[in-house]
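The file upload_17.tsv comes next; it holds TSV, C-alpha atoms.
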chain	number	residue	atom	x	y	z
M	1	MET	CA	-64.41	20.27	223.33
M	2	PRO	CA	-61.25	22.17	224.25
M	3	VAL	CA	-60.98	25.70	222.84
M	4	LEU	CA	-57.70	27.53	222.27
M	5	GLU	CA	-58.05	30.86	224.06
M	6	ARG	CA	-56.10	33.78	222.60
M	7	PRO	CA	-55.63	37.02	224.57
M	8	ASP	CA	-57.53	39.98	223.13
M	9	PRO	CA	-54.84	42.42	221.92
M	10	LEU	CA	-57.22	45.36	222.43
M	11	ALA	CA	-58.16	44.45	226.00
M	12	PRO	CA	-56.52	46.44	228.81
M	13	THR	CA	-53.42	44.77	230.20
M	14	ARG	CA	-53.00	44.06	233.89
M	15	ILE	CA	-50.58	46.98	234.05
M	16	GLU	CA	-53.24	49.35	232.68
M	17	LYS	CA	-55.87	47.99	235.07
M	18	GLY	CA	-53.55	48.60	238.01
M	19	GLY	CA	-52.74	52.18	237.07
M	20	ARG	CA	-54.33	55.57	236.49
M	21	LYS	CA	-55.05	57.37	233.25
M	22	TYR	CA	-55.05	61.09	232.65
M	23	ASP	CA	-55.95	63.27	229.66
M	24	PHE	CA	-54.33	66.70	229.46
M	25	ASP	CA	-55.04	69.39	226.89
M	26	ALA	CA	-51.35	69.78	226.04
M	27	VAL	CA	-48.48	68.01	224.31
M	28	PRO	CA	-45.89	66.13	226.41
M	29	VAL	CA	-42.32	67.27	225.74
M	30	ALA	CA	-39.91	65.56	228.12
M	31	VAL	CA	-39.75	63.24	231.13
M	32	ALA	CA	-37.19	62.60	233.85
M	33	THR	CA	-37.34	60.44	236.96
M	34	VAL	CA	-35.89	60.86	240.44
M	35	GLY	CA	-36.45	58.20	243.11
M	36	ASP	CA	-40.12	57.25	242.98
M	37	THR	CA	-41.23	60.39	241.11
M	38	ALA	CA	-41.71	61.19	237.41
M	39	PHE	CA	-41.41	64.82	236.27
M	40	THR	CA	-42.93	65.69	232.89
M	41	ALA	CA	-42.65	68.90	230.85
M	42	TRP	CA	-45.58	70.05	228.71
M	43	GLY	CA	-46.43	72.36	225.85
M	44	ASP	CA	-48.75	74.41	228.07
M	45	GLY	CA	-45.79	75.57	230.18
M	46	HIS	CA	-46.42	73.24	233.13
M	47	VAL	CA	-44.26	70.62	234.80
M	48	ARG	CA	-46.54	67.81	235.95
M	49	VAL	CA	-45.28	65.62	238.79
M	50	PHE	CA	-46.43	62.03	239.32
M	51	ARG	CA	-45.89	60.13	242.57
M	52	PRO	CA	-47.16	56.65	243.53
M	53	GLY	CA	-50.46	56.75	245.37
M	54	ALA	CA	-50.89	60.52	245.05
M	55	GLU	CA	-52.75	62.88	242.76
M	56	HIS	CA	-50.52	64.50	240.17
M	57	GLU	CA	-49.24	68.02	240.79
M	58	ALA	CA	-49.05	70.73	238.07
M	59	LEU	CA	-46.43	73.48	238.43
M	60	PRO	CA	-46.68	76.54	236.14
M	61	VAL	CA	-43.09	77.21	235.00
M	62	HIS	CA	-43.22	78.95	231.60
M	63	LYS	CA	-45.70	81.39	230.05
M	64	GLY	CA	-45.55	79.54	226.73
M	65	ALA	CA	-44.49	76.04	225.77
M	66	ILE	CA	-41.69	74.18	227.49
M	67	LEU	CA	-39.26	73.14	224.74
M	68	SER	CA	-36.79	71.05	226.73
M	69	MET	CA	-36.10	69.69	230.23
M	70	VAL	CA	-33.23	67.81	231.87
M	71	ALA	CA	-32.56	66.52	235.38
M	72	GLU	CA	-29.54	67.71	237.36
M	73	SER	CA	-27.60	65.37	239.67
M	74	SER	CA	-28.87	67.39	242.66
M	75	GLY	CA	-32.45	66.30	241.90
M	76	THR	CA	-33.49	69.64	240.44
M	77	PHE	CA	-34.54	70.23	236.81
M	78	LEU	CA	-33.64	72.72	234.12
M	79	THR	CA	-36.25	73.87	231.61
M	80	GLY	CA	-36.15	76.01	228.47
M	81	GLY	CA	-39.23	77.68	226.99
M	82	ASP	CA	-40.54	79.66	224.05
M	83	ASP	CA	-41.05	82.56	226.48
M	84	GLY	CA	-37.25	82.99	226.39
M	85	ARG	CA	-36.74	81.84	229.97
M	86	PHE	CA	-34.20	79.33	231.26
M	87	CYS	CA	-35.40	78.03	234.63
M	88	ARG	CA	-34.49	75.67	237.46
M	89	VAL	CA	-37.31	73.74	239.17
M	90	GLY	CA	-36.64	72.38	242.64
M	91	PRO	CA	-38.17	71.87	246.08
M	92	GLU	CA	-38.06	75.64	246.66
M	93	GLY	CA	-40.02	76.32	243.51
M	94	VAL	CA	-39.08	77.88	240.18
M	95	THR	CA	-35.94	80.03	239.76
M	96	GLU	CA	-35.22	81.98	236.58
M	97	ILE	CA	-31.56	81.48	235.62
M	98	ALA	CA	-31.61	83.65	232.48
M	99	SER	CA	-34.06	85.41	230.21
M	100	HIS	CA	-33.84	86.03	226.47
M	101	PRO	CA	-36.90	88.11	225.55
M	102	ARG	CA	-38.46	87.42	222.14
M	103	LYS	CA	-36.25	84.34	221.66
M	104	TRP	CA	-36.63	80.64	222.41
M	105	VAL	CA	-34.50	78.60	224.80
M	106	ASP	CA	-34.46	75.50	222.61
M	107	HIS	CA	-32.21	73.02	224.42
M	108	VAL	CA	-30.85	72.50	227.92
M	109	ALA	CA	-28.16	70.20	229.36
M	110	ALA	CA	-26.68	69.40	232.76
M	111	GLY	CA	-23.41	67.71	233.67
M	112	ALA	CA	-21.48	66.36	236.64
M	113	GLY	CA	-20.03	68.90	239.02
M	114	GLY	CA	-22.86	71.38	238.58
M	115	VAL	CA	-22.05	72.50	235.03
M	116	PHE	CA	-25.09	73.33	232.88
M	117	ALA	CA	-25.98	75.00	229.57
M	118	CYS	CA	-28.77	76.16	227.31
M	119	SER	CA	-28.99	77.13	223.65
M	120	VAL	CA	-30.75	80.10	222.04
M	121	GLY	CA	-30.62	79.89	218.26
M	122	ARG	CA	-26.94	79.70	217.31
M	123	GLU	CA	-25.66	80.60	220.77
M	124	VAL	CA	-24.83	78.32	223.69
M	125	PHE	CA	-24.71	79.74	227.22
M	126	LEU	CA	-22.58	77.66	229.59
M	127	TRP	CA	-22.37	77.96	233.40
M	128	ASP	CA	-19.20	76.37	234.83
M	129	GLY	CA	-18.94	77.24	238.51
M	130	ALA	CA	-18.52	80.99	238.84
M	131	ARG	CA	-17.63	81.29	235.15
M	132	GLN	CA	-20.18	81.84	232.39
M	133	GLU	CA	-19.21	81.28	228.77
M	134	ARG	CA	-20.97	82.20	225.55
M	135	LEU	CA	-20.20	79.73	222.74
M	136	ALA	CA	-21.07	80.29	219.07
M	137	ALA	CA	-22.37	77.46	216.88
M	138	PRO	CA	-22.12	77.61	213.06
M	139	SER	CA	-25.92	77.22	212.75
M	140	THR	CA	-29.00	76.77	214.94
M	141	VAL	CA	-28.25	74.31	217.70
M	142	GLY	CA	-30.04	70.94	217.35
M	143	GLY	CA	-29.06	69.41	220.68
M	144	LEU	CA	-26.72	69.57	223.69
M	145	ALA	CA	-25.10	66.87	225.83
M	146	PHE	CA	-22.33	66.75	228.44
M	147	ASP	CA	-19.99	63.79	228.82
M	148	ARG	CA	-19.93	61.69	231.99
M	149	LYS	CA	-17.58	64.01	233.94
M	150	GLY	CA	-19.00	67.28	232.69
M	151	GLY	CA	-15.71	68.32	231.08
M	152	ARG	CA	-16.95	68.25	227.48
M	153	LEU	CA	-20.09	69.63	225.90
M	154	ALA	CA	-21.31	68.26	222.54
M	155	VAL	CA	-23.30	70.71	220.40
M	156	ALA	CA	-25.24	69.36	217.40
M	157	HIS	CA	-25.92	71.66	214.44
M	158	TYR	CA	-26.11	71.68	210.67
M	159	GLY	CA	-22.97	70.09	209.23
M	160	GLY	CA	-21.92	68.10	212.29
M	161	VAL	CA	-21.19	68.27	215.99
M	162	THR	CA	-18.79	70.55	217.87
M	163	ILE	CA	-17.15	69.23	221.04
M	164	TRP	CA	-16.30	72.00	223.50
M	165	ALA	CA	-13.74	70.86	226.11
M	166	ARG	CA	-12.83	72.59	229.37
M	167	GLU	CA	-9.26	73.86	229.41
M	168	LYS	CA	-7.37	76.16	231.76
M	169	ARG	CA	-8.28	79.29	229.81
M	170	GLY	CA	-11.82	78.38	228.90
M	171	TRP	CA	-13.73	75.96	226.72
M	172	LYS	CA	-12.15	75.09	223.34
M	173	PRO	CA	-13.94	73.63	220.28
M	174	THR	CA	-13.21	70.61	218.09
M	175	ALA	CA	-15.32	70.17	214.96
M	176	LEU	CA	-16.72	66.80	213.89
M	177	LYS	CA	-18.07	67.26	210.38
M	178	TRP	CA	-20.79	65.37	208.56
M	179	ALA	CA	-23.12	66.93	205.98
M	180	GLY	CA	-26.75	67.25	206.99
M	181	SER	CA	-28.82	68.51	209.89
M	182	HIS	CA	-28.02	66.99	213.31
M	183	THR	CA	-30.99	67.22	215.68
M	184	ALA	CA	-29.78	65.55	218.90
M	185	VAL	CA	-26.50	64.39	220.41
M	186	SER	CA	-25.28	61.98	223.10
M	187	PHE	CA	-21.97	60.64	224.43
M	188	SER	CA	-21.69	56.86	224.90
M	189	PRO	CA	-21.61	55.87	228.61
M	190	ASP	CA	-17.82	55.34	228.42
M	191	ASP	CA	-17.34	58.65	226.54
M	192	ARG	CA	-15.50	56.91	223.67
M	193	PHE	CA	-18.14	57.75	221.05
M	194	VAL	CA	-20.45	60.67	220.37
M	195	MET	CA	-23.66	59.99	218.46
M	196	SER	CA	-26.09	62.29	216.67
M	197	ARG	CA	-29.60	61.87	215.32
M	198	MET	CA	-30.12	63.33	211.86
M	199	GLN	CA	-32.98	65.04	210.08
M	200	GLU	CA	-32.88	62.22	207.53
M	201	ASN	CA	-33.67	58.65	208.62
M	202	ALA	CA	-30.24	57.95	210.04
M	203	LEU	CA	-27.80	58.26	212.92
M	204	HIS	CA	-24.24	59.43	212.64
M	205	GLY	CA	-21.42	59.06	215.11
M	206	TRP	CA	-17.73	59.52	215.70
M	207	ARG	CA	-15.13	57.54	217.65
M	208	LEU	CA	-13.51	60.40	219.53
M	209	ARG	CA	-9.92	59.14	219.66
M	210	ASP	CA	-9.52	59.25	215.86
M	211	LYS	CA	-12.76	60.90	214.60
M	212	ALA	CA	-13.66	57.70	212.71
M	213	ASP	CA	-17.18	57.97	211.28
M	214	LEU	CA	-20.07	55.69	212.16
M	215	ARG	CA	-22.95	55.68	209.68
M	216	MET	CA	-26.21	54.01	210.68
M	217	SER	CA	-28.87	54.30	208.01
M	218	GLY	CA	-31.75	52.23	206.67
M	219	TYR	CA	-34.40	53.36	209.14
M	220	PRO	CA	-37.87	53.57	207.56
M	221	THR	CA	-38.71	56.71	209.59
M	222	LYS	CA	-36.86	59.47	211.42
M	223	VAL	CA	-35.16	58.45	214.67
M	224	LYS	CA	-36.88	60.59	217.31
M	225	GLY	CA	-35.78	58.80	220.48
M	226	TRP	CA	-32.92	56.78	221.90
M	227	ALA	CA	-31.52	55.39	225.14
M	228	TRP	CA	-28.32	53.70	226.31
M	229	ALA	CA	-29.27	50.26	227.61
M	230	GLY	CA	-27.69	47.24	229.26
M	231	LYS	CA	-24.17	46.48	230.39
M	232	LEU	CA	-22.68	46.09	226.89
M	233	PRO	CA	-23.83	48.94	226.35
M	234	TRP	CA	-26.42	49.10	223.54
M	235	LEU	CA	-27.79	52.24	221.91
M	236	ALA	CA	-31.54	51.53	221.62
M	237	THR	CA	-33.33	53.60	218.99
M	238	THR	CA	-36.80	54.32	217.61
M	239	GLY	CA	-37.60	54.72	213.91
M	240	ALA	CA	-38.43	51.15	212.83
M	241	ASP	CA	-41.16	48.57	213.39
M	242	GLU	CA	-39.18	47.18	216.32
M	243	ALA	CA	-36.54	48.64	218.63
M	244	ILE	CA	-33.11	48.78	216.95
M	245	LEU	CA	-30.12	48.24	219.27
M	246	TRP	CA	-26.52	49.00	218.21
M	247	PRO	CA	-23.62	47.38	220.14
M	248	PHE	CA	-20.98	49.71	221.60
M	249	ASP	CA	-18.57	47.20	223.13
M	250	GLY	CA	-14.97	46.64	222.00
M	251	ALA	CA	-12.67	49.05	220.22
M	252	GLN	CA	-14.80	49.21	217.08
M	253	GLY	CA	-18.22	49.65	218.68
M	254	PRO	CA	-20.88	49.09	216.00
M	255	MET	CA	-18.49	49.58	213.06
M	256	GLY	CA	-18.93	46.72	210.61
M	257	ARG	CA	-21.62	45.07	212.73
M	258	GLY	CA	-25.38	44.87	212.44
M	259	PRO	CA	-27.96	45.87	215.05
M	260	MET	CA	-30.17	43.65	217.22
M	261	GLN	CA	-33.96	43.96	217.02
M	262	VAL	CA	-36.17	43.56	220.10
M	263	ALA	CA	-39.60	44.59	221.43
M	264	TRP	CA	-41.53	43.66	218.30
M	265	GLY	CA	-45.30	43.25	218.11
M	266	GLY	CA	-46.52	46.74	219.00
M	267	ARG	CA	-48.05	47.65	215.61
M	268	GLY	CA	-46.68	50.55	213.60
M	269	TYR	CA	-43.31	52.17	214.30
M	270	VAL	CA	-41.43	52.55	217.55
M	271	THR	CA	-41.80	56.21	218.62
M	272	ALA	CA	-40.43	56.20	222.17
M	273	ILE	CA	-37.92	54.10	224.06
M	274	CYS	CA	-36.89	53.63	227.68
M	275	ALA	CA	-34.04	51.63	229.17
M	276	CYS	CA	-34.16	51.07	232.90
M	277	ARG	CA	-32.26	49.14	235.51
M	278	GLY	CA	-33.94	46.72	237.89
M	279	MET	CA	-36.83	45.84	235.57
M	280	ARG	CA	-36.15	42.10	235.57
M	281	ARG	CA	-38.20	41.77	238.76
M	282	CYS	CA	-41.23	42.99	236.80
M	283	TRP	CA	-40.75	40.47	233.98
M	284	ARG	CA	-43.11	37.76	235.23
M	285	ALA	CA	-45.86	40.25	236.05
M	286	ILE	CA	-46.19	41.40	232.44
M	287	PRO	CA	-48.36	39.25	230.09
M	288	ARG	CA	-47.05	38.11	226.69
M	289	ALA	CA	-47.48	40.44	223.72
M	290	ARG	CA	-48.79	37.75	221.36
Z	291	MET	CA	-36.40	47.87	227.99
Z	292	LEU	CA	-39.69	49.45	226.92
Z	293	ALA	CA	-40.71	50.49	223.42
Z	294	GLY	CA	-43.68	52.76	222.69
Z	295	TYR	CA	-45.36	52.51	219.28
Z	296	SER	CA	-47.17	54.78	216.87
Z	297	SER	CA	-50.25	52.66	217.60
Z	298	GLY	CA	-50.11	53.66	221.26
Z	299	ALA	CA	-48.95	50.22	222.39
Z	300	VAL	CA	-46.06	49.76	224.83
Z	301	ILE	CA	-44.00	46.57	224.70
Z	302	PHE	CA	-41.53	45.25	227.29
Z	303	SER	CA	-38.53	43.23	226.12
Z	304	GLU	CA	-35.40	41.81	227.69
Z	305	ILE	CA	-32.17	42.63	225.88
Z	306	ASP	CA	-29.70	40.31	227.58
Z	307	GLN	CA	-31.65	37.10	227.01
Z	308	ILE	CA	-33.92	35.71	224.30
Z	309	ALA	CA	-37.53	35.92	225.42
Z	310	GLU	CA	-40.89	36.81	223.92
Z	311	PRO	CA	-41.82	40.52	224.25
Z	312	ARG	CA	-44.73	41.28	226.55
Z	313	ALA	CA	-47.54	43.81	226.29
Z	314	VAL	CA	-47.60	46.60	228.85
Z	315	LYS	CA	-50.20	48.84	227.19
Z	316	ARG	CA	-52.69	48.13	224.42
Z	317	PRO	CA	-52.86	50.23	221.25
Z	318	SER	CA	-54.87	53.44	221.66
Z	319	GLY	CA	-54.34	55.12	218.28
Z	320	ALA	CA	-52.20	57.94	219.71
Z	321	PRO	CA	-48.42	57.58	219.21
Z	322	VAL	CA	-46.40	57.21	222.40
Z	323	THR	CA	-43.96	60.11	222.81
Z	324	LEU	CA	-42.59	59.69	226.35
Z	325	LEU	CA	-41.66	56.60	228.36
Z	326	ALA	CA	-40.01	56.36	231.77
Z	327	VAL	CA	-39.83	54.04	234.76
Z	328	THR	CA	-39.04	55.31	238.25
Z	329	PRO	CA	-35.80	53.72	239.46
Z	330	LEU	CA	-36.83	53.15	243.07
Z	331	THR	CA	-40.34	51.76	242.74
Z	332	GLY	CA	-40.76	50.62	239.12
Z	333	TRP	CA	-43.71	52.85	238.20
Z	334	LEU	CA	-44.30	53.39	234.50
Z	335	LEU	CA	-45.12	56.73	232.89
Z	336	ALA	CA	-46.28	56.53	229.25
Z	337	ALA	CA	-47.49	59.70	227.53
Z	338	ASP	CA	-48.91	60.06	224.03
Z	339	GLU	CA	-49.02	62.95	221.59
Z	340	GLN	CA	-52.69	63.67	222.40
Z	341	GLY	CA	-51.95	64.36	226.06
Z	342	GLY	CA	-52.90	60.95	227.42
Z	343	VAL	CA	-50.85	59.58	230.34
Z	344	LEU	CA	-50.72	56.10	231.89
Z	345	TRP	CA	-49.16	56.08	235.38
Z	346	ALA	CA	-48.99	52.53	236.75
Z	347	PRO	CA	-46.84	50.14	238.77
Z	348	LEU	CA	-45.16	47.64	236.43
Z	349	GLY	CA	-45.62	44.89	239.00
Z	350	ALA	CA	-49.42	45.33	239.03
Z	351	GLY	CA	-51.45	42.16	238.78

Can the structure in the file be given as structure tokens, please?
Amino acid sequence: MPVLERPDPLAPTRIEKGGRKYDFDAVPVAVATVGDTAFTAWGDGHVRVFRPGAEHEALPVHKGAILSMVAESSGTFLTGGDDGRFCRVGPEGVTEIASHPRKWVDHVAAGAGGVFACSVGREVFLWDGARQERLAAPSTVGGLAFDRKGGRLAVAHYGGVTIWAREKRGWKPTALKWAGSHTAVSFSPDDRFVMSRMQENALHGWRLRDKADLRMSGYPTKVKGWAWAGKLPWLATTGADEAILWPFDGAQGPMGRGPMQVAWGGRGYVTAICACRGMRRCWRAIPRAR
Amino acid sequence: MLAGYSSGAVIFSEIDQIAEPRAVKRPSGAPVTLLAVTPLTGWLLAADEQGGVLWAPLGAG
């Protein structure tokens, strides 16, 4: 008698069987990829490097926890730590860019043309070629992001986001106000919008040409991760029981439109998200979720 | 795109065409906090809040 066979949802997938598993006594903080290599930052102060077919490598970078990490276009990485150090990690090893004893380097950012920045409490330190600027935020900085060309730096904080733009005589601020605590910030890939994650279960954004507000609420949990995905482009977000994708095409972007939901079936809430090019070739190798 | 869940599961889904999501990693009980795929070779890195890491080629199998 024929029997309908259902895949065991708790059995290892073919992907898991083909890979390696590790258990570290630390909390993962950030990841960035270059070529065939994944660089991860950890709460024990190490950057752990994973390459195909090789044992992982652990680099001691900070004496305390790494709080943030970002890749630079040159293939190096910037890290900030609770030891007060702002570091660059590259093929030559670890270089200390700045030190703020007894303070935390909370956030780091890198932009095109070699511009980079870090935040310490309410202060943002910006390196733009030979020039270094010290920018003041109205409250503790929640996140940093450069635009595509590296000519604008978005700084998230309580009460909104400040856009600092490069001008002949230095970097000048423009305030984008919205009540509440803003904990992360990102420019859209075409630089027309800037989006922030909020302490409450919501996103907020602005269309930069007229400062029009975008309010995205209704998430059952806090949005802790996001990624720009696809050609449209979409802003893919965590915080619900499936991935929530907002459309950013056309003049209005997501204003007056609803999101798309994908990647359901994982049980619980989406807590991390990744958008990658060239994954279609992997599609047939991955078994169905249900 | 890939979505990591509070259950520890990782799901793969297309966004430009309608298709059933597919399982990449089974639930483990530890929420997924980091996800990345290497651009050149398509290797997945999934890390959870308890320090667990899966490092695997997406084309495996």

Neighbour list for Ala58 of chain M as an NGL selection string, cut-off 9 Å, only C-alpha atoms, skip fewer than 4 positions in-chain: :M and (46-49)

Point (-40.0, 54.3, 240.4), cut-off 8 Å, counting all atoms listed in the file, residues as an MDAnalysis selection string: (chainID M and resid 33:38) or (chainID Z and resid 327:334)

Near-segment 294-311 of chain Z list (10 Å; all atoms listed in the file; drop same-chain fewer than 3 positions) as number ranges by chain: M: 9-10, 229-232, 234, 236, 238-243, 245, 260-275, 279-280, 282-283, 286-290; Z: 291, 314-325, 336-339, 342

Generate a file of the selected residues that holds C-alpha atoms, formatted as a short mmCIF file (atom, residue, chain, number, x, y, z; two decimals), in the coordinates of the input.
data_model
loop_
_atom_site.label_atom_id
_atom_site.label_comp_id
_atom_site.auth_asym_id
_atom_site.auth_seq_id
_atom_site.Cartn_x
_atom_site.Cartn_y
_atom_site.Cartn_z
CA PRO M 9 -54.84 42.42 221.92
CA LEU M 10 -57.22 45.36 222.43
CA ALA M 229 -29.27 50.26 227.61
CA GLY M 230 -27.69 47.24 229.26
CA LYS M 231 -24.17 46.48 230.39
CA LEU M 232 -22.68 46.09 226.89
CA TRP M 234 -26.42 49.10 223.54
CA ALA M 236 -31.54 51.53 221.62
CA THR M 238 -36.80 54.32 217.61
CA GLY M 239 -37.60 54.72 213.91
CA ALA M 240 -38.43 51.15 212.83
CA ASP M 241 -41.16 48.57 213.39
CA GLU M 242 -39.18 47.18 216.32
CA ALA M 243 -36.54 48.64 218.63
CA LEU M 245 -30.12 48.24 219.27
CA MET M 260 -30.17 43.65 217.22
CA GLN M 261 -33.96 43.96 217.02
CA VAL M 262 -36.17 43.56 220.10
CA ALA M 263 -39.60 44.59 221.43
CA TRP M 264 -41.53 43.66 218.30
CA GLY M 265 -45.30 43.25 218.11
CA GLY M 266 -46.52 46.74 219.00
CA ARG M 267 -48.05 47.65 215.61
CA GLY M 268 -46.68 50.55 213.60
CA TYR M 269 -43.31 52.17 214.30
CA VAL M 270 -41.43 52.55 217.55
CA THR M 271 -41.80 56.21 218.62
CA ALA M 272 -40.43 56.20 222.17
CA ILE M 273 -37.92 54.10 224.06
CA CYS M 274 -36.89 53.63 227.68
CA ALA M 275 -34.04 51.63 229.17
CA MET M 279 -36.83 45.84 235.57
CA ARG M 280 -36.15 42.10 235.57
CA CYS M 282 -41.23 42.99 236.80
CA TRP M 283 -40.75 40.47 233.98
CA ILE M 286 -46.19 41.40 232.44
CA PRO M 287 -48.36 39.25 230.09
CA ARG M 288 -47.05 38.11 226.69
CA ALA M 289 -47.48 40.44 223.72
CA ARG M 290 -48.79 37.75 221.36
CA MET Z 291 -36.40 47.87 227.99
CA VAL Z 314 -47.60 46.60 228.85
CA LYS Z 315 -50.20 48.84 227.19
CA ARG Z 316 -52.69 48.13 224.42
CA PRO Z 317 -52.86 50.23 221.25
CA SER Z 318 -54.87 53.44 221.66
CA GLY Z 319 -54.34 55.12 218.28
CA ALA Z 320 -52.20 57.94 219.71
CA PRO Z 321 -48.42 57.58 219.21
CA VAL Z 322 -46.40 57.21 222.40
CA THR Z 323 -43.96 60.11 222.81
CA LEU Z 324 -42.59 59.69 226.35
CA LEU Z 325 -41.66 56.60 228.36
CA ALA Z 336 -46.28 56.53 229.25
CA ALA Z 337 -47.49 59.70 227.53
CA ASP Z 338 -48.91 60.06 224.03
CA GLU Z 339 -49.02 62.95 221.59
CA GLY Z 342 -52.90 60.95 227.42
#

Nearby residues (only C-alpha atoms) at most 9 Å from Lys21 of chain M, same-chain spacing under 6 positions excluded, as a ChimeraX atom specification: /Z:342-346

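Proximity to Lys172 of chain M was assessed for M:Leu135, M:Ala202, M:Val108, M:Leu214 counting only C-alpha atoms; the smallest distance is recorded for M:Leu135.
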
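Between atom CA of Phe125 of chain M and atom CA of Ala137 of chain M the separation is 10.8 Å.
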
Radius query 8 Å about (-48.1, 49.5, 242.4), atoms used: all atoms listed in the file, as a list in words: Gly18, Gly19 and Pro52 of chain M; Trp333, Ala346, Pro347, Leu348, Gly349 and Ala350 of chain Z

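Between atom CA of Trp164 of chain M and atom CA of His204 of chain M the interatomic distance comes to 18.4 Å.
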
Non-local contacts of Gly142 of chain M (8 Å; only C-alpha atoms; under 3 positions in same chain excluded) as a PyMOL selection string: chain M and resi 107+155-158+181-184

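Comparing M:Phe86, M:Gly151, M:Lys17, M:Phe24 by their smallest distance to chain Z, the closest is M:Phe24 (using only C-alpha atoms).
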
Excluding Gly75 of chain M and its own-chain neighbours fewer than 3 positions away, which residues fall within 8 Å of it when counting only C-alpha atoms? Please give them as a PDB file with C-alpha atoms, in the frame of the given file.
ATOM      1  CA  VAL M  34     -35.890  60.860 240.440  1.00  0.00           C
ATOM      2  CA  ALA M  71     -32.560  66.520 235.380  1.00  0.00           C
ATOM      3  CA  GLU M  72     -29.540  67.710 237.360  1.00  0.00           C
ATOM      4  CA  GLY M  90     -36.640  72.380 242.640  1.00  0.00           C
TER       5      GLY M  90
END
